[in-house]
Amino acid sequence: KYSIAFTLANIDNIDNIDNMESTSPVMMLSKILTPYKAKTLPNSFIQVTIFMFVKLLIRQAWWMLLEWNGWEYDQKAGDCQTSLGTLVAITHSATLLLPLTALLLSHPTKKPSASVKDSSDLWNWKAWTIISWCQSYMIQDAIWLLYGTYDPATMKVNPTADDVMFLLHHFATTSYMTAAKGVQAGHYSAMILMWFGEITNPIHNTYEIVKTAVKIHPGPRVEAALPILGKSFAATYSFVRIVLGPIVTLWLVYHLLLTKDGRKNVGLVCGVWWSVMVIAVVHGSLGFAFDYALKAW
């Protein structure tokens with residue numbers, strides 16, 4: 001009844017999609033991939049699940065490529081296992097940063113506490129899709145992290161203190177994005193935090209891969225690249241986390257808690273919860289930033 005061309009031509013009226021009566025697979029898929037109708041949070045869950053499956057395929061592709069090049073797989077942090085996570089992270093950031101930046105710059109109000117009513121349905125649709133893409137990464141990364149610490153002999157996971165910090169970070173970010181879908185507001189603030197979290201990801205994980213390459217495939221190129229990448233990552237990460245991080249935190253907390261729109265759109269309870277999580281994550285990253293800077297320089 002409805003063609004793909006019809007769906008694309010009417011995407012600006014996507015808010016009416018639930019009123020279109022059709023059994024067409026195209027229209028059904030369009031409805032599933034429209035999580036900004038947060039009354040239908042199950043749609044968002046389906047979208048995140050689909051994206052997790054896509055990330056699993058990406059991980060499998062990188063795994064095959066690494067093994068083909070002689071990087072042996074080992075559940076307990078072998079070279080292939082370590083680099084798999086970094087390659088998936090780079091792929092995640094590479095596919096996320098450009099559309100995320102474009103959306104942030106194109107928002108009508110650019111207020112962290114903005115609600116879905118402050119932007120077009122098309123903008124919201126794109127924003128929720130990007131947020132679901134990020135949620136799928138956080139959930140899957142946490143699962144693989146726990147899998148890597150699993151001990152078959154005791155049938156228990158044994159995460160280190162750093163692992164626990166990463167898991168808490170993933171919980172904070174995922175719950176923040178899920179709550180934004182629930183209250184239908186504050187998604188712009190989630191995307192700002194996402195941008196600052198991902199902007200140094202490619203160079204960081206490239207540095208981690210080169211560190212592993214130097215160990216198992218030493219050569220003049222990787223050995224020359226390692227100190228350059230290390231200093232570049234330390235400089236960018238330190239600037240983003242130590243200089244920009246506190247400024248962005250104050251700006252977000254101010255809008256969430258001390259403005260009328262923030263209290264109205266997000267709500268006081270959610271605003272307080274988000275503010276605590278933002279402060280905790282930024283504060284926690286300061287130690288890593290100083291540590292990286294001192295080691296690199």
# chains A, B, ... in the order shown; residues from 1 in each chain; ligands from 1

call {"tool": "closest_atom_pairs", "arguments": {"of": "region 173-240 of chain A", "to": "region 126-130 of chain A", "cutoff": "12 Å", "atoms": "only C-alpha atoms", "output": "CSV"}}
result
residue,atom,partner,partner_atom,distance
A:Met177,CA,A:Trp128,CA,9.1
A:Thr178,CA,A:Trp128,CA,10.0
A:Ala179,CA,A:Trp128,CA,11.9
A:Ala180,CA,A:Trp128,CA,9.4
A:Lys181,CA,A:Trp128,CA,7.6
A:Gly182,CA,A:Trp128,CA,11.3
A:Gln184,CA,A:Trp128,CA,9.9
A:Ala185,CA,A:Trp128,CA,10.9
A:Gly186,CA,A:Ala127,CA,11.2
A:His187,CA,A:Ala127,CA,7.6
A:Tyr188,CA,A:Ala127,CA,8.1
A:Ser189,CA,A:Ala127,CA,11.2
A:Ala190,CA,A:Ala127,CA,9.9
A:Met191,CA,A:Ala127,CA,8.0
A:Ile192,CA,A:Ala127,CA,11.3
A:Met194,CA,A:Ile130,CA,9.9
A:Trp195,CA,A:Ile130,CA,11.1

call {"tool": "residues_around", "arguments": {"residues": "region 254-269 of chain A", "least_positions_apart": "3", "cutoff": "9 Å", "atoms": "only C-alpha atoms", "output": "list in words"}}
result
Lys111, Pro112, Ser113, Ala114, Ser115, Ala180, Val183, Gln184, Ala185, Gly186, Thr249, Leu250, Trp251, Val272, Trp273, Trp274 and Ser275 of chain A

call {"tool": "residues_around", "arguments": {"residues": "Leu286 (chain A)", "least_positions_apart": "4", "cutoff": "10 Å", "atoms": "only C-alpha atoms", "output": "JSON, numbers by chain"}}
result
{"A": [237, 238, 240, 241, 242, 243, 245, 246, 281, 282, 290, 291, 292]}

call {"tool": "select_by_dssp", "arguments": {"residues": "region 21-221 of chain A", "states": "helix (DSSP H, G or I)", "output": "ChimeraX atom specification"}}
result
/A:25-32,38-68,79-106,116-118,121-148,161-183,187-198,201-216,220-221

call {"tool": "write_last_selection", "arguments": {"atoms": "C-alpha atoms", "output": "compact mmCIF listing (two decimals), in the first residue's frame"}}
result
# COMPACT_ATOMS: atom_id res chain seq x y z
CA PRO A 25 6.75 -4.10 6.16
CA VAL A 26 8.21 -0.70 5.28
CA MET A 27 5.64 1.13 7.37
CA MET A 28 5.87 -1.38 10.21
CA LEU A 29 9.67 -0.98 10.34
CA SER A 30 9.29 2.80 10.27
CA LYS A 31 7.03 2.60 13.31
CA ILE A 32 9.48 0.36 15.19
CA ALA A 38 8.25 7.60 24.36
CA LYS A 39 4.83 6.40 25.38
CA THR A 40 5.99 3.44 23.32
CA LEU A 41 9.33 2.82 25.06
CA PRO A 42 9.17 -0.82 23.88
CA ASN A 43 9.86 0.57 20.40
CA SER A 44 13.05 2.08 21.76
CA PHE A 45 13.97 -1.26 23.33
CA ILE A 46 13.51 -2.98 19.96
CA GLN A 47 15.69 -0.38 18.27
CA VAL A 48 18.48 -0.74 20.84
CA THR A 49 18.30 -4.54 20.47
CA ILE A 50 18.62 -4.25 16.67
CA PHE A 51 21.62 -1.96 17.06
CA MET A 52 23.22 -4.38 19.55
CA PHE A 53 22.94 -7.09 16.91
CA VAL A 54 24.59 -4.76 14.37
CA LYS A 55 27.43 -4.09 16.85
CA LEU A 56 27.81 -7.85 17.32
CA LEU A 57 28.26 -8.25 13.54
CA ILE A 58 30.84 -5.44 13.57
CA ARG A 59 32.70 -7.15 16.40
CA GLN A 60 32.65 -10.46 14.54
CA ALA A 61 34.03 -8.80 11.39
CA TRP A 62 36.92 -7.23 13.32
CA TRP A 63 37.58 -10.53 15.11
CA MET A 64 37.93 -12.36 11.78
CA LEU A 65 40.25 -9.64 10.44
CA LEU A 66 42.48 -9.71 13.53
CA GLU A 67 42.76 -13.48 13.57
CA TRP A 68 43.51 -13.49 9.85
CA ASP A 79 45.91 -9.41 22.07
CA CYS A 80 42.88 -10.07 19.87
CA GLN A 81 40.41 -9.77 22.76
CA THR A 82 41.92 -6.48 23.91
CA SER A 83 41.98 -4.95 20.45
CA LEU A 84 38.48 -6.15 19.59
CA GLY A 85 37.00 -3.78 22.13
CA THR A 86 39.08 -0.87 20.89
CA LEU A 87 38.18 -1.48 17.23
CA VAL A 88 34.47 -1.71 18.01
CA ALA A 89 34.80 1.53 20.02
CA ILE A 90 36.48 3.29 17.10
CA THR A 91 33.76 2.08 14.72
CA HIS A 92 31.11 3.27 17.15
CA SER A 93 32.63 6.75 17.43
CA ALA A 94 33.36 7.05 13.71
CA THR A 95 29.72 6.37 12.82
CA LEU A 96 28.41 8.58 15.62
CA LEU A 97 30.40 11.81 15.73
CA LEU A 98 29.55 13.38 12.36
CA PRO A 99 25.73 13.05 12.56
CA LEU A 100 25.85 13.89 16.27
CA THR A 101 27.77 17.12 15.60
CA ALA A 102 25.37 18.07 12.79
CA LEU A 103 22.35 17.52 15.03
CA LEU A 104 23.81 19.50 17.93
CA LEU A 105 24.52 22.46 15.66
CA SER A 106 21.08 22.33 14.02
CA VAL A 116 10.75 17.42 22.12
CA LYS A 117 8.32 20.31 21.55
CA ASP A 118 11.27 22.65 20.97
CA ASP A 121 9.73 15.62 14.81
CA LEU A 122 12.37 14.79 12.22
CA TRP A 123 15.13 16.24 14.42
CA ASN A 124 13.82 14.28 17.41
CA TRP A 125 13.62 11.08 15.36
CA LYS A 126 17.28 11.43 14.36
CA ALA A 127 18.29 12.32 17.93
CA TRP A 128 16.58 9.31 19.51
CA THR A 129 18.09 7.04 16.88
CA ILE A 130 21.60 8.30 17.66
CA ILE A 131 20.92 7.92 21.38
CA SER A 132 19.75 4.32 20.83
CA TRP A 133 22.93 3.66 18.84
CA CYS A 134 24.97 4.89 21.82
CA GLN A 135 22.90 2.89 24.33
CA SER A 136 23.47 -0.29 22.33
CA TYR A 137 27.23 0.25 22.55
CA MET A 138 27.20 0.91 26.31
CA ILE A 139 25.13 -2.18 27.07
CA GLN A 140 27.13 -4.47 24.81
CA ASP A 141 30.46 -3.11 26.03
CA ALA A 142 29.42 -3.79 29.64
CA ILE A 143 28.42 -7.35 28.74
CA TRP A 144 31.74 -8.07 27.02
CA LEU A 145 33.64 -6.50 29.91
CA LEU A 146 31.94 -8.86 32.37
CA TYR A 147 32.48 -11.79 30.01
CA GLY A 148 36.19 -11.04 29.96
CA ALA A 161 38.39 -1.74 40.47
CA ASP A 162 38.83 -0.12 37.04
CA ASP A 163 36.24 -2.51 35.57
CA VAL A 164 33.76 -1.45 38.24
CA MET A 165 34.41 2.21 37.39
CA PHE A 166 33.69 1.52 33.71
CA LEU A 167 30.52 -0.40 34.57
CA LEU A 168 29.29 2.47 36.76
CA HIS A 169 30.04 4.89 33.91
CA HIS A 170 28.07 2.75 31.45
CA PHE A 171 25.18 2.48 33.91
CA ALA A 172 25.12 6.25 34.43
CA THR A 173 25.17 7.06 30.72
CA THR A 174 22.59 4.42 29.77
CA SER A 175 20.18 5.40 32.55
CA TYR A 176 20.59 9.10 31.61
CA MET A 177 19.63 8.40 27.99
CA THR A 178 16.78 6.09 28.98
CA ALA A 179 15.36 8.71 31.35
CA ALA A 180 15.55 11.33 28.58
CA LYS A 181 13.40 9.09 26.41
CA GLY A 182 10.97 8.68 29.26
CA VAL A 183 10.50 12.37 30.09
CA HIS A 187 17.98 14.63 25.13
CA TYR A 188 20.04 17.58 23.90
CA SER A 189 22.05 17.49 27.15
CA ALA A 190 22.57 13.73 26.73
CA MET A 191 23.90 14.34 23.23
CA ILE A 192 26.27 17.07 24.44
CA LEU A 193 27.72 14.68 27.00
CA MET A 194 27.88 11.98 24.34
CA TRP A 195 29.90 14.29 22.06
CA PHE A 196 32.42 15.17 24.78
CA GLY A 197 32.70 11.51 25.73
CA GLU A 198 33.30 10.29 22.19
CA ASN A 201 37.65 8.01 21.55
CA PRO A 202 39.19 7.38 18.08
CA ILE A 203 42.67 8.65 18.97
CA HIS A 204 42.56 6.92 22.38
CA ASN A 205 41.70 3.52 20.96
CA THR A 206 44.09 3.91 18.04
CA TYR A 207 46.80 4.51 20.63
CA GLU A 208 45.74 1.35 22.52
CA ILE A 209 45.87 -0.76 19.34
CA VAL A 210 49.31 0.58 18.41
CA LYS A 211 50.53 -0.26 21.94
CA THR A 212 49.46 -3.86 21.35
CA ALA A 213 50.94 -3.88 17.84
CA VAL A 214 54.32 -2.75 19.17
CA LYS A 215 54.26 -5.73 21.53
CA ILE A 216 53.34 -8.45 19.03
CA PRO A 220 59.75 1.08 12.83
CA ARG A 221 56.35 2.49 11.80

call {"tool": "select_by_dssp", "arguments": {"residues": "region 29-254 of chain A", "states": "strand (DSSP E or B)", "output": "PyMOL selection string"}}
result
chain A and resi 115+150-151+156-157+185

call {"tool": "write_last_selection", "arguments": {"atoms": "N, CA and C atoms", "output": "PDB file, in the first residue's frame"}}
result
ATOM      1  N   SER A 115      12.785  20.321  25.437  1.00  0.00           N
ATOM      2  CA  SER A 115      11.896  19.166  25.293  1.00  0.00           C
ATOM      3  C   SER A 115      11.707  18.865  23.805  1.00  0.00           C
ATOM      4  N   TYR A 150      34.993 -13.294  33.492  1.00  0.00           N
ATOM      5  CA  TYR A 150      34.320 -14.506  33.975  1.00  0.00           C
ATOM      6  C   TYR A 150      35.313 -15.644  34.171  1.00  0.00           C
ATOM      7  N   ASP A 151      35.226 -16.303  35.322  1.00  0.00           N
ATOM      8  CA  ASP A 151      36.096 -17.435  35.637  1.00  0.00           C
ATOM      9  C   ASP A 151      35.262 -18.714  35.606  1.00  0.00           C
ATOM     10  N   LYS A 156      32.117 -17.316  38.388  1.00  0.00           N
ATOM     11  CA  LYS A 156      31.885 -15.959  38.878  1.00  0.00           C
ATOM     12  C   LYS A 156      32.630 -14.962  38.008  1.00  0.00           C
ATOM     13  N   VAL A 157      32.132 -13.733  37.993  1.00  0.00           N
ATOM     14  CA  VAL A 157      32.867 -12.654  37.339  1.00  0.00           C
ATOM     15  C   VAL A 157      33.741 -11.978  38.392  1.00  0.00           C
ATOM     16  N   ALA A 185      12.495  14.890  27.177  1.00  0.00           N
ATOM     17  CA  ALA A 185      13.215  16.162  27.303  1.00  0.00           C
ATOM     18  C   ALA A 185      14.640  15.864  27.756  1.00  0.00           C
TER      19      ALA A 185
END
